[in-house]
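Novice: Pasting final-v1.pdb here (PDB, C-alpha atoms):
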ATOM      1  CA  MET L   1     102.789 -48.300 348.072
ATOM      2  CA  SER L   2     106.537 -48.199 348.319
ATOM      3  CA  GLY L   3     109.252 -46.655 346.212
ATOM      4  CA  ALA L   4     111.979 -48.346 344.279
ATOM      5  CA  PRO L   5     114.832 -48.520 346.754
ATOM      6  CA  GLY L   6     118.338 -48.369 345.476
ATOM      7  CA  THR L   7     117.555 -47.547 341.873
ATOM      8  CA  GLY L   8     118.655 -43.938 342.310
ATOM      9  CA  ASP L   9     116.359 -43.038 339.448
ATOM     10  CA  PRO L  10     113.773 -40.398 340.415
ATOM     11  CA  GLU L  11     111.730 -41.318 337.342
ATOM     12  CA  VAL L  12     110.611 -44.537 338.967
ATOM     13  CA  TRP L  13     110.217 -43.230 342.503
ATOM     14  CA  SER L  14     106.812 -43.232 344.043
ATOM     15  CA  LEU L  15     106.505 -39.776 345.519
ATOM     16  CA  GLU L  16     102.986 -40.044 346.796
ATOM     17  CA  ILE L  17     102.672 -38.221 350.118
ATOM     18  CA  GLY L  18     102.787 -40.733 352.928
ATOM     19  CA  SER L  19     104.288 -43.562 350.919
ATOM     20  CA  ILE L  20     107.004 -45.470 352.725
ATOM     21  CA  ILE L  21     110.360 -45.252 350.930
ATOM     22  CA  GLY L  22     112.390 -47.200 353.461
ATOM     23  CA  GLU L  23     112.273 -49.051 356.747
ATOM     24  CA  ALA L  24     114.977 -50.376 359.024
ATOM     25  CA  ASP L  25     115.452 -52.197 362.294
ATOM     26  CA  ILE L  26     118.874 -51.681 363.837
ATOM     27  CA  HIS L  27     120.026 -53.585 366.883
ATOM     28  CA  LEU L  28     122.441 -51.543 369.022
ATOM     29  CA  THR L  29     124.651 -53.129 371.643
ATOM     30  CA  ARG L  30     127.308 -51.692 373.924
ATOM     31  CA  ASP L  31     129.792 -52.832 371.266
ATOM     32  CA  SER L  32     128.043 -50.550 368.771
ATOM     33  CA  LEU L  33     128.490 -47.614 371.144
ATOM     34  CA  VAL L  34     132.187 -48.294 371.660
ATOM     35  CA  ARG L  35     132.654 -48.641 367.909
ATOM     36  CA  TYR L  36     130.858 -45.331 367.309
ATOM     37  CA  ALA L  37     132.842 -43.613 370.073
ATOM     38  CA  GLY L  38     136.078 -44.587 368.342
ATOM     39  CA  ALA L  39     134.860 -43.740 364.849
ATOM     40  CA  SER L  40     133.450 -40.342 365.814
ATOM     41  CA  GLY L  41     135.854 -39.303 368.560
ATOM     42  CA  ASP L  42     132.984 -38.760 371.028
ATOM     43  CA  PHE L  43     134.324 -40.388 374.193
ATOM     44  CA  ASN L  44     131.758 -38.999 376.638
ATOM     45  CA  ALA L  45     131.689 -41.685 379.350
ATOM     46  CA  ILE L  46     127.879 -41.721 379.588
ATOM     47  CA  HIS L  47     128.024 -43.782 376.403
ATOM     48  CA  TYR L  48     129.993 -46.667 377.938
ATOM     49  CA  ARG L  49     130.147 -46.382 381.754
ATOM     50  CA  ASP L  50     127.119 -47.283 383.875
ATOM     51  CA  ASP L  51     128.543 -45.626 386.986
ATOM     52  CA  VAL L  52     129.094 -42.296 385.211
ATOM     53  CA  ALA L  53     125.638 -42.453 383.603
ATOM     54  CA  ARG L  54     124.065 -43.061 387.021
ATOM     55  CA  GLN L  55     126.097 -40.268 388.619
ATOM     56  CA  VAL L  56     124.604 -37.694 386.261
ATOM     57  CA  GLY L  57     121.097 -39.004 386.837
ATOM     58  CA  LEU L  58     120.582 -41.033 383.674
ATOM     59  CA  PRO L  59     118.623 -44.301 383.630
ATOM     60  CA  GLY L  60     121.648 -46.078 382.105
ATOM     61  CA  VAL L  61     124.264 -45.920 379.392
ATOM     62  CA  LEU L  62     122.883 -44.056 376.375
ATOM     63  CA  ALA L  63     123.478 -44.358 372.663
ATOM     64  CA  HIS L  64     125.134 -41.257 371.222
ATOM     65  CA  GLY L  65     122.409 -39.042 369.764
ATOM     66  CA  MET L  66     124.586 -38.719 366.692
ATOM     67  CA  LEU L  67     124.715 -42.517 366.348
ATOM     68  CA  THR L  68     120.914 -42.665 366.305
ATOM     69  CA  MET L  69     120.866 -39.786 363.808
ATOM     70  CA  GLY L  70     123.485 -41.549 361.705
ATOM     71  CA  VAL L  71     121.768 -44.932 361.525
ATOM     72  CA  ALA L  72     118.317 -43.385 360.952
ATOM     73  CA  VAL L  73     119.284 -41.804 357.620
ATOM     74  CA  GLN L  74     120.749 -44.973 356.097
ATOM     75  CA  CYS L  75     117.458 -46.170 354.604
ATOM     76  CA  VAL L  76     117.060 -42.808 352.851
ATOM     77  CA  LEU L  77     120.591 -43.112 351.447
ATOM     78  CA  ASP L  78     119.786 -46.596 350.194
ATOM     79  CA  TRP L  79     116.705 -45.174 348.477
ATOM     80  CA  VAL L  80     118.377 -42.195 346.771
ATOM     81  CA  ALA L  81     121.504 -44.274 345.985
ATOM     82  CA  ASP L  82     123.461 -41.103 345.108
ATOM     83  CA  PRO L  83     124.514 -39.382 348.359
ATOM     84  CA  SER L  84     124.712 -36.037 346.504
ATOM     85  CA  ARG L  85     120.908 -36.043 346.580
ATOM     86  CA  ILE L  86     120.869 -35.463 350.343
ATOM     87  CA  LEU L  87     120.518 -31.679 350.698
ATOM     88  CA  ASP L  88     119.619 -31.241 354.322
ATOM     89  CA  TYR L  89     119.143 -33.469 357.349
ATOM     90  CA  GLY L  90     117.959 -32.339 360.763
ATOM     91  CA  VAL L  91     116.670 -33.914 363.973
ATOM     92  CA  ARG L  92     115.683 -33.063 367.520
ATOM     93  CA  PHE L  93     116.905 -35.384 370.241
ATOM     94  CA  THR L  94     113.694 -35.868 372.188
ATOM     95  CA  ARG L  95     114.306 -38.994 374.257
ATOM     96  CA  PRO L  96     117.482 -40.823 375.298
ATOM     97  CA  VAL L  97     118.114 -44.318 373.926
ATOM     98  CA  VAL L  98     119.156 -46.558 376.831
ATOM     99  CA  VAL L  99     121.324 -49.492 375.786
ATOM    100  CA  ASP L 100     121.153 -52.524 378.089
ATOM    101  CA  PRO L 101     124.590 -54.127 378.682
ATOM    102  CA  VAL L 102     123.278 -57.611 377.926
ATOM    103  CA  SER L 103     120.368 -57.287 375.523
ATOM    104  CA  GLY L 104     121.170 -53.946 373.856
ATOM    105  CA  THR L 105     118.239 -52.175 372.252
ATOM    106  CA  SER L 106     116.564 -51.854 368.891
ATOM    107  CA  ILE L 107     115.900 -48.748 366.856
ATOM    108  CA  THR L 108     113.116 -48.803 364.306
ATOM    109  CA  VAL L 109     113.054 -46.357 361.414
ATOM    110  CA  VAL L 110     110.186 -45.682 359.010
ATOM    111  CA  ALA L 111     110.838 -43.167 356.225
ATOM    112  CA  LYS L 112     107.870 -41.597 354.449
ATOM    113  CA  VAL L 113     107.413 -38.968 351.800
ATOM    114  CA  GLY L 114     106.309 -35.854 353.693
ATOM    115  CA  VAL L 115     106.346 -33.035 351.136
ATOM    116  CA  VAL L 116     107.033 -32.911 347.408
ATOM    117  CA  ASP L 117     108.016 -29.650 345.729
ATOM    118  CA  ALA L 118     108.180 -30.589 342.065
ATOM    119  CA  GLU L 119     109.084 -27.054 341.008
ATOM    120  CA  ALA L 120     112.109 -26.931 343.312
ATOM    121  CA  GLY L 121     112.912 -30.551 342.433
ATOM    122  CA  GLU L 122     112.928 -31.518 346.088
ATOM    123  CA  ALA L 123     111.117 -33.816 348.459
ATOM    124  CA  ARG L 124     111.065 -33.932 352.222
ATOM    125  CA  ILE L 125     111.355 -37.387 353.731
ATOM    126  CA  ASP L 126     110.033 -37.670 357.282
ATOM    127  CA  LEU L 127     111.611 -40.237 359.570
ATOM    128  CA  THR L 128     109.804 -41.873 362.453
ATOM    129  CA  VAL L 129     112.485 -43.207 364.772
ATOM    130  CA  THR L 130     111.455 -45.268 367.780
ATOM    131  CA  SER L 131     113.089 -47.409 370.440
ATOM    132  CA  GLY L 132     111.094 -49.519 372.860
ATOM    133  CA  GLY L 133     107.903 -48.181 371.285
ATOM    134  CA  GLN L 134     108.765 -44.556 372.033
ATOM    135  CA  THR L 135     109.815 -41.838 369.631
ATOM    136  CA  VAL L 136     113.457 -40.873 370.170
ATOM    137  CA  LEU L 137     114.008 -38.311 367.397
ATOM    138  CA  GLY L 138     111.625 -35.432 366.743
ATOM    139  CA  LYS L 139     111.202 -33.555 363.478
ATOM    140  CA  ALA L 140     113.638 -35.930 361.794
ATOM    141  CA  GLN L 141     113.531 -34.689 358.220
ATOM    142  CA  VAL L 142     115.710 -35.217 355.170
ATOM    143  CA  ARG L 143     115.433 -32.911 352.175
ATOM    144  CA  VAL L 144     116.426 -34.734 348.990
ATOM    145  CA  SER L 145     116.851 -33.711 345.385
ATOM    146  CA  ILE L 146     114.408 -35.511 343.086
ATOM    147  CA  ARG L 147     115.705 -34.124 339.791
TER     148      ARG L 147
ATOM    149  CA  MET T   1     127.800 -19.904 386.003
ATOM    150  CA  THR T   2     125.423 -18.828 383.265
ATOM    151  CA  VAL T   3     125.833 -18.653 379.515
ATOM    152  CA  ASN T   4     127.208 -15.314 378.375
ATOM    153  CA  PRO T   5     124.586 -13.650 376.119
ATOM    154  CA  ASP T   6     127.386 -11.689 374.409
ATOM    155  CA  LEU T   7     128.379 -14.927 372.647
ATOM    156  CA  VAL T   8     125.661 -14.281 370.049
ATOM    157  CA  GLY T   9     127.278 -13.176 366.808
ATOM    158  CA  ARG T  10     130.735 -14.285 367.871
ATOM    159  CA  VAL T  11     132.707 -15.959 365.078
ATOM    160  CA  PHE T  12     135.581 -18.251 366.013
ATOM    161  CA  ALA T  13     138.885 -18.788 364.218
ATOM    162  CA  PRO T  14     138.817 -21.450 361.490
ATOM    163  CA  THR T  15     139.964 -24.869 362.682
ATOM    164  CA  ALA T  16     143.194 -26.448 361.469
ATOM    165  CA  PRO T  17     142.584 -28.387 358.229
ATOM    166  CA  TYR T  18     141.111 -31.882 358.777
ATOM    167  CA  ALA T  19     142.362 -34.459 356.262
ATOM    168  CA  VAL T  20     139.561 -36.915 355.504
ATOM    169  CA  GLY T  21     141.106 -40.380 355.350
ATOM    170  CA  ARG T  22     139.730 -43.368 353.454
ATOM    171  CA  GLU T  23     139.981 -45.744 356.394
ATOM    172  CA  LYS T  24     138.381 -43.172 358.717
ATOM    173  CA  VAL T  25     135.425 -42.874 356.356
ATOM    174  CA  ARG T  26     135.076 -46.670 356.217
ATOM    175  CA  GLU T  27     135.377 -46.957 359.989
ATOM    176  CA  PHE T  28     132.672 -44.320 360.457
ATOM    177  CA  ALA T  29     130.471 -45.918 357.800
ATOM    178  CA  ARG T  30     130.612 -49.280 359.582
ATOM    179  CA  ALA T  31     129.852 -47.590 362.915
ATOM    180  CA  VAL T  32     126.597 -46.097 361.551
ATOM    181  CA  PHE T  33     125.588 -49.367 359.836
ATOM    182  CA  ALA T  34     126.046 -47.920 356.343
ATOM    183  CA  SER T  35     125.545 -50.446 353.590
ATOM    184  CA  SER T  36     126.292 -48.241 350.590
ATOM    185  CA  PRO T  37     129.313 -49.519 348.642
ATOM    186  CA  LEU T  38     130.094 -45.862 347.902
ATOM    187  CA  SER T  39     131.192 -45.454 351.525
ATOM    188  CA  LEU T  40     133.106 -48.720 351.710
ATOM    189  CA  ASP T  41     134.576 -49.553 348.311
ATOM    190  CA  PRO T  42     136.836 -47.004 346.545
ATOM    191  CA  ALA T  43     136.263 -48.690 343.166
ATOM    192  CA  ALA T  44     132.468 -48.404 343.536
ATOM    193  CA  ALA T  45     132.834 -44.760 344.573
ATOM    194  CA  ARG T  46     135.048 -43.982 341.570
ATOM    195  CA  ALA T  47     132.636 -45.757 339.225
ATOM    196  CA  ALA T  48     129.896 -43.439 340.542
ATOM    197  CA  GLY T  49     132.021 -40.376 339.791
ATOM    198  CA  PHE T  50     133.543 -39.681 343.223
ATOM    199  CA  ALA T  51     137.279 -39.332 343.785
ATOM    200  CA  ASP T  52     137.233 -41.834 346.681
ATOM    201  CA  VAL T  53     134.868 -43.297 349.301
ATOM    202  CA  VAL T  54     131.976 -41.004 350.261
ATOM    203  CA  ALA T  55     131.436 -40.228 353.932
ATOM    204  CA  PRO T  56     127.978 -40.896 355.422
ATOM    205  CA  PRO T  57     125.975 -37.650 355.904
ATOM    206  CA  THR T  58     126.577 -37.373 359.647
ATOM    207  CA  PHE T  59     130.374 -37.704 359.290
ATOM    208  CA  ALA T  60     130.436 -33.889 359.178
ATOM    209  CA  VAL T  61     130.046 -33.972 362.966
ATOM    210  CA  VAL T  62     133.658 -35.168 363.250
ATOM    211  CA  ILE T  63     134.859 -31.930 361.647
ATOM    212  CA  GLN T  64     132.275 -29.846 363.505
ATOM    213  CA  GLU T  65     133.435 -31.290 366.826
ATOM    214  CA  ALA T  66     136.639 -29.193 366.858
ATOM    215  CA  THR T  67     134.562 -26.013 366.582
ATOM    216  CA  LEU T  68     132.257 -27.032 369.435
ATOM    217  CA  ALA T  69     135.360 -27.648 371.543
ATOM    218  CA  GLN T  70     136.386 -24.027 370.818
ATOM    219  CA  LEU T  71     132.960 -22.815 371.921
ATOM    220  CA  LEU T  72     133.006 -24.822 375.151
ATOM    221  CA  ALA T  73     136.552 -23.637 375.950
ATOM    222  CA  GLU T  74     135.770 -19.947 375.408
ATOM    223  CA  PRO T  75     136.964 -18.314 378.640
ATOM    224  CA  ASP T  76     134.015 -15.913 378.988
ATOM    225  CA  GLY T  77     131.422 -18.260 377.427
ATOM    226  CA  GLY T  78     130.053 -19.649 380.657
ATOM    227  CA  ILE T  79     129.086 -22.979 379.096
ATOM    228  CA  ASP T  80     129.610 -25.777 381.626
ATOM    229  CA  PHE T  81     130.167 -28.944 379.578
ATOM    230  CA  SER T  82     128.833 -31.219 382.330
ATOM    231  CA  ARG T  83     125.452 -29.465 381.970
ATOM    232  CA  VAL T  84     125.264 -29.621 378.176
ATOM    233  CA  VAL T  85     122.730 -31.819 376.386
ATOM    234  CA  HIS T  86     122.587 -32.065 372.603
ATOM    235  CA  GLY T  87     119.145 -30.696 371.707
ATOM    236  CA  GLU T  88     119.073 -30.464 367.934
ATOM    237  CA  GLN T  89     121.367 -31.156 365.003
ATOM    238  CA  ARG T  90     121.158 -30.205 361.379
ATOM    239  CA  PHE T  91     123.353 -30.470 358.306
ATOM    240  CA  ARG T  92     122.921 -28.462 355.104
ATOM    241  CA  TYR T  93     124.977 -29.924 352.276
ATOM    242  CA  SER T  94     126.460 -28.479 349.116
ATOM    243  CA  ARG T  95     128.107 -31.822 348.393
ATOM    244  CA  PRO T  96     129.042 -35.015 350.253
ATOM    245  CA  ILE T  97     132.388 -35.274 352.044
ATOM    246  CA  VAL T  98     134.818 -37.531 350.167
ATOM    247  CA  ALA T  99     138.083 -39.122 351.333
ATOM    248  CA  GLY T 100     140.948 -36.859 350.300
ATOM    249  CA  ASP T 101     139.080 -33.688 351.248
ATOM    250  CA  GLU T 102     140.885 -31.217 353.447
ATOM    251  CA  LEU T 103     138.245 -29.426 355.482
ATOM    252  CA  THR T 104     138.230 -26.336 357.661
ATOM    253  CA  ALA T 105     135.356 -25.335 359.933
ATOM    254  CA  THR T 106     134.347 -21.927 361.238
ATOM    255  CA  LEU T 107     131.822 -21.616 364.047
ATOM    256  CA  ALA T 108     129.463 -18.712 364.633
ATOM    257  CA  VAL T 109     127.031 -18.481 367.525
ATOM    258  CA  THR T 110     123.685 -17.602 365.946
ATOM    259  CA  SER T 111     121.322 -17.490 368.903
ATOM    260  CA  ILE T 112     120.933 -17.982 372.631
ATOM    261  CA  LYS T 113     117.461 -18.431 374.078
ATOM    262  CA  THR T 114     116.497 -18.955 377.666
ATOM    263  CA  LEU T 115     113.724 -21.423 378.356
ATOM    264  CA  GLY T 116     112.668 -22.457 381.839
ATOM    265  CA  GLY T 117     116.079 -21.809 383.377
ATOM    266  CA  ASN T 118     117.911 -23.571 380.549
ATOM    267  CA  ALA T 119     119.917 -21.801 377.858
ATOM    268  CA  MET T 120     119.575 -22.989 374.253
ATOM    269  CA  VAL T 121     122.737 -22.123 372.373
ATOM    270  CA  THR T 122     122.632 -22.477 368.595
ATOM    271  CA  ALA T 123     125.935 -22.539 366.721
ATOM    272  CA  GLU T 124     126.581 -22.923 362.993
ATOM    273  CA  SER T 125     129.825 -24.422 361.754
ATOM    274  CA  SER T 126     130.538 -23.735 358.115
ATOM    275  CA  ILE T 127     132.773 -26.439 356.629
ATOM    276  CA  LEU T 128     134.804 -25.544 353.537
ATOM    277  CA  ASP T 129     137.186 -27.517 351.350
ATOM    278  CA  ALA T 130     140.782 -26.599 350.462
ATOM    279  CA  ASP T 131     139.549 -24.445 347.552
ATOM    280  CA  GLY T 132     137.240 -22.505 349.854
ATOM    281  CA  GLY T 133     134.139 -24.188 348.427
ATOM    282  CA  HIS T 134     131.220 -24.806 350.778
ATOM    283  CA  VAL T 135     130.752 -28.479 351.631
ATOM    284  CA  VAL T 136     128.336 -28.537 354.546
ATOM    285  CA  THR T 137     127.076 -26.359 357.376
ATOM    286  CA  ALA T 138     126.552 -28.190 360.654
ATOM    287  CA  THR T 139     124.205 -26.539 363.130
ATOM    288  CA  SER T 140     123.881 -27.663 366.724
ATOM    289  CA  THR T 141     121.543 -26.507 369.422
ATOM    290  CA  LEU T 142     123.033 -27.209 372.822
ATOM    291  CA  VAL T 143     120.810 -27.148 375.863
ATOM    292  CA  VAL T 144     122.730 -25.886 378.881
ATOM    293  CA  ARG T 145     120.817 -26.886 382.000
ATOM    294  CA  GLY T 146     120.546 -24.150 384.608
ATOM    295  CA  ASP T 147     121.261 -24.554 388.325
ATOM    296  CA  SER T 148     118.468 -26.582 389.857
TER     297      SER T 148
END
Written as structure tokens, how would this file's structure read?
Specialist:
Amino acid sequence: MSGAPGTGDPEVWSLEIGSIIGEADIHLTRDSLVRYAGASGDFNAIHYRDDVARQVGLPGVLAHGMLTMGVAVQCVLDWVADPSRILDYGVRFTRPVVVDPVSGTSITVVAKVGVVDAEAGEARIDLTVTSGGQTVLGKAQVRVSIR
Amino acid sequence: MTVNPDLVGRVFAPTAPYAVGREKVREFARAVFASSPLSLDPAAARAAGFADVVAPPTFAVVIQEATLAQLLAEPDGGIDFSRVVHGEQRFRYSRPIVAGDELTATLAVTSIKTLGGNAMVTAESSILDADGGHVVTATSTLVVRGDS
């Protein structure tokens, strides 16, 4: 059972625990990393230089953790429609996302209803964020207003 | 060099005001694959009751960044940037950031824990608008790897 994405109307949302409210597949390339570096001001060279990434012992150039965090919440935003409904968003960066210079990499997001507190008028949306079949964000949770 | 435990409780000076620009918000929105017209189209944002385009939730990191730079530059802090890994990130919102906002951030170090030779430094940056109203608090946990 899925919700009603994009309506922004809590009345028609399915808030059954475990129901999927959004899903996304985002393909990241090195271009995406350069674009994010410029947009965010995070110019750490491990996000665009293979030699620097190798020097510090990384398997390759990594996506910015904040880029992964940023793209992962988009399906929740599409669902709530009104960004004022996002009350809290937190993640743990559990595994680096390596971005191949030629093929890039994909990030898969599944957003499910985790907790509903009708009295407080809030729900917790739990995000499962994977790349190459492995979880890359831990405890990725968005608290949203459902009033 | 190890992280100075006396950093806990230290509050830094507020950052210089950051003027949130419309094109910056749109640039950031495109970079995080945002599809909401509220972040891209000023007319759509105004129709939804916002003064201008609405920044995606993680845009707050751009304002927070200046406070983390203060923390890393603290002379007695002992935080070696080349050993820092971003462990956790959280945002607590009072309202979304909108183009036209002028935002100031104040960082406080809330905890330092040592775990297996690594130091986990948690810092909260409170981001306020020009009227002093709370917009968002950005909390980072930085893992500072020990000598190995």
Novice: Name the closest residue to T:Ser36 among the candidates T:Val98, T:Ala55, T:Ala69, T:Glu124; distances are taken between atoms, counting all atoms listed in the file.
Specialist: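 Closest to T:Ser36, using all atoms listed in the file: T:Ala55.
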Novice: Find, counting only C-alpha atoms, the residue in T:Ala31, T:Val109, T:Leu115, T:Leu128 that gets nearest to T:Ser140.
Specialist: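 Smallest distance to T:Ser140 is found for T:Val109.
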Novice: Mind telling me what the PyMOL selection byres ((chain T) within 6 of (chain L)) catches here, as number ranges by chain?
Specialist: T: 27-28, 31-32, 58, 62, 87-93, 95-96
Novice: Find the smallest box with edges along x, y and z containing every listed atom of stretch 24-30 of chain L, then add 8 Å on each side and report centre and edge lengths in Å to one decimal, as lines of an AutoDock Vina configuration file.
Specialist:
center_x = 121.1
center_y = -52.0
center_z = 366.5
size_x = 28.3
size_y = 19.2
size_z = 30.9
Novice: Would you work out the distance separating atom CA of L:Gly133 from atom CA of L:Val109, expressed in Å to one decimal?
Specialist: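 Atom CA of L:Val109 lies 11.3 Å from atom CA of L:Gly133.
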Novice: Which of these, T:Val144, T:Val61, T:Ile127, T:Val54, has the shortest distance to T:Ser39 once you count only C-alpha atoms?
Specialist: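 The closest residue to T:Ser39 is T:Val54.
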Novice: Starting from the PyMOL selection byres ((chain L and resi 145) around 6), expand the selection into actual residues of this file and give them as a PyMOL selection string.
Specialist: chain L and resi 85+121-122+144+146-147
Novice: When you draw a straight line from atom CA of T:Leu38 to atom CA of T:Val20, how long is it in Å?
Specialist: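 Spanning atom CA of T:Leu38 to atom CA of T:Val20 is a straight-line distance of 15.1 Å.
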Novice: If the PyMOL selection byres ((chain T and resi 42) around 10) were run on this exact file, what residues would it hold? Put them as JSON, numbers by chain.
Specialist: {"T": [22, 26, 37, 38, 39, 40, 41, 43, 44, 45, 46, 47, 48, 50, 51, 52, 53, 54, 99]}
Novice: Using C-alpha atoms, can you write the selected residues to a file as a JSON list (two decimals), keeping the file's coordinate frame?
Specialist:
[["chain", "number", "residue", "atom", "x", "y", "z"],
["T", 22, "ARG", "CA", 139.73, -43.37, 353.45],
["T", 26, "ARG", "CA", 135.08, -46.67, 356.22],
["T", 37, "PRO", "CA", 129.31, -49.52, 348.64],
["T", 38, "LEU", "CA", 130.09, -45.86, 347.90],
["T", 39, "SER", "CA", 131.19, -45.45, 351.52],
["T", 40, "LEU", "CA", 133.11, -48.72, 351.71],
["T", 41, "ASP", "CA", 134.58, -49.55, 348.31],
["T", 43, "ALA", "CA", 136.26, -48.69, 343.17],
["T", 44, "ALA", "CA", 132.47, -48.40, 343.54],
["T", 45, "ALA", "CA", 132.83, -44.76, 344.57],
["T", 46, "ARG", "CA", 135.05, -43.98, 341.57],
["T", 47, "ALA", "CA", 132.64, -45.76, 339.22],
["T", 48, "ALA", "CA", 129.90, -43.44, 340.54],
["T", 50, "PHE", "CA", 133.54, -39.68, 343.22],
["T", 51, "ALA", "CA", 137.28, -39.33, 343.78],
["T", 52, "ASP", "CA", 137.23, -41.83, 346.68],
["T", 53, "VAL", "CA", 134.87, -43.30, 349.30],
["T", 54, "VAL", "CA", 131.98, -41.00, 350.26],
["T", 99, "ALA", "CA", 138.08, -39.12, 351.33]]
Novice: In file coordinates, which residues lie within 9 Å of (119.2, -45.3, 381.0) using all atoms listed in the file, given as a PyMOL selection string?
Specialist: chain L and resi 50+53-54+57-62+96-100
Novice: Pick out the residues sitting within 7 Å of stretch 10-19 of chain T, and hand them over as a PyMOL selection string; count only C-alpha atoms, and ignore anything fewer than 3 positions along from it in its own chain.
Specialist: chain T and resi 7+63+66-67+100-109
Novice: With distances taken over only C-alpha atoms, which residue among L:Thr105, L:Asn44, L:Gln55, L:Ser14 lies nearest L:Thr29?
Specialist: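 That would be L:Thr105, the residue with the smallest distance to L:Thr29.
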Novice: Would you compute the distance between atom CA of L:Arg30 and atom CA of L:Val102? Give it in Å to one decimal.
Specialist: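 Interatomic distance, atom CA of L:Arg30 to atom CA of L:Val102: 8.2 Å.
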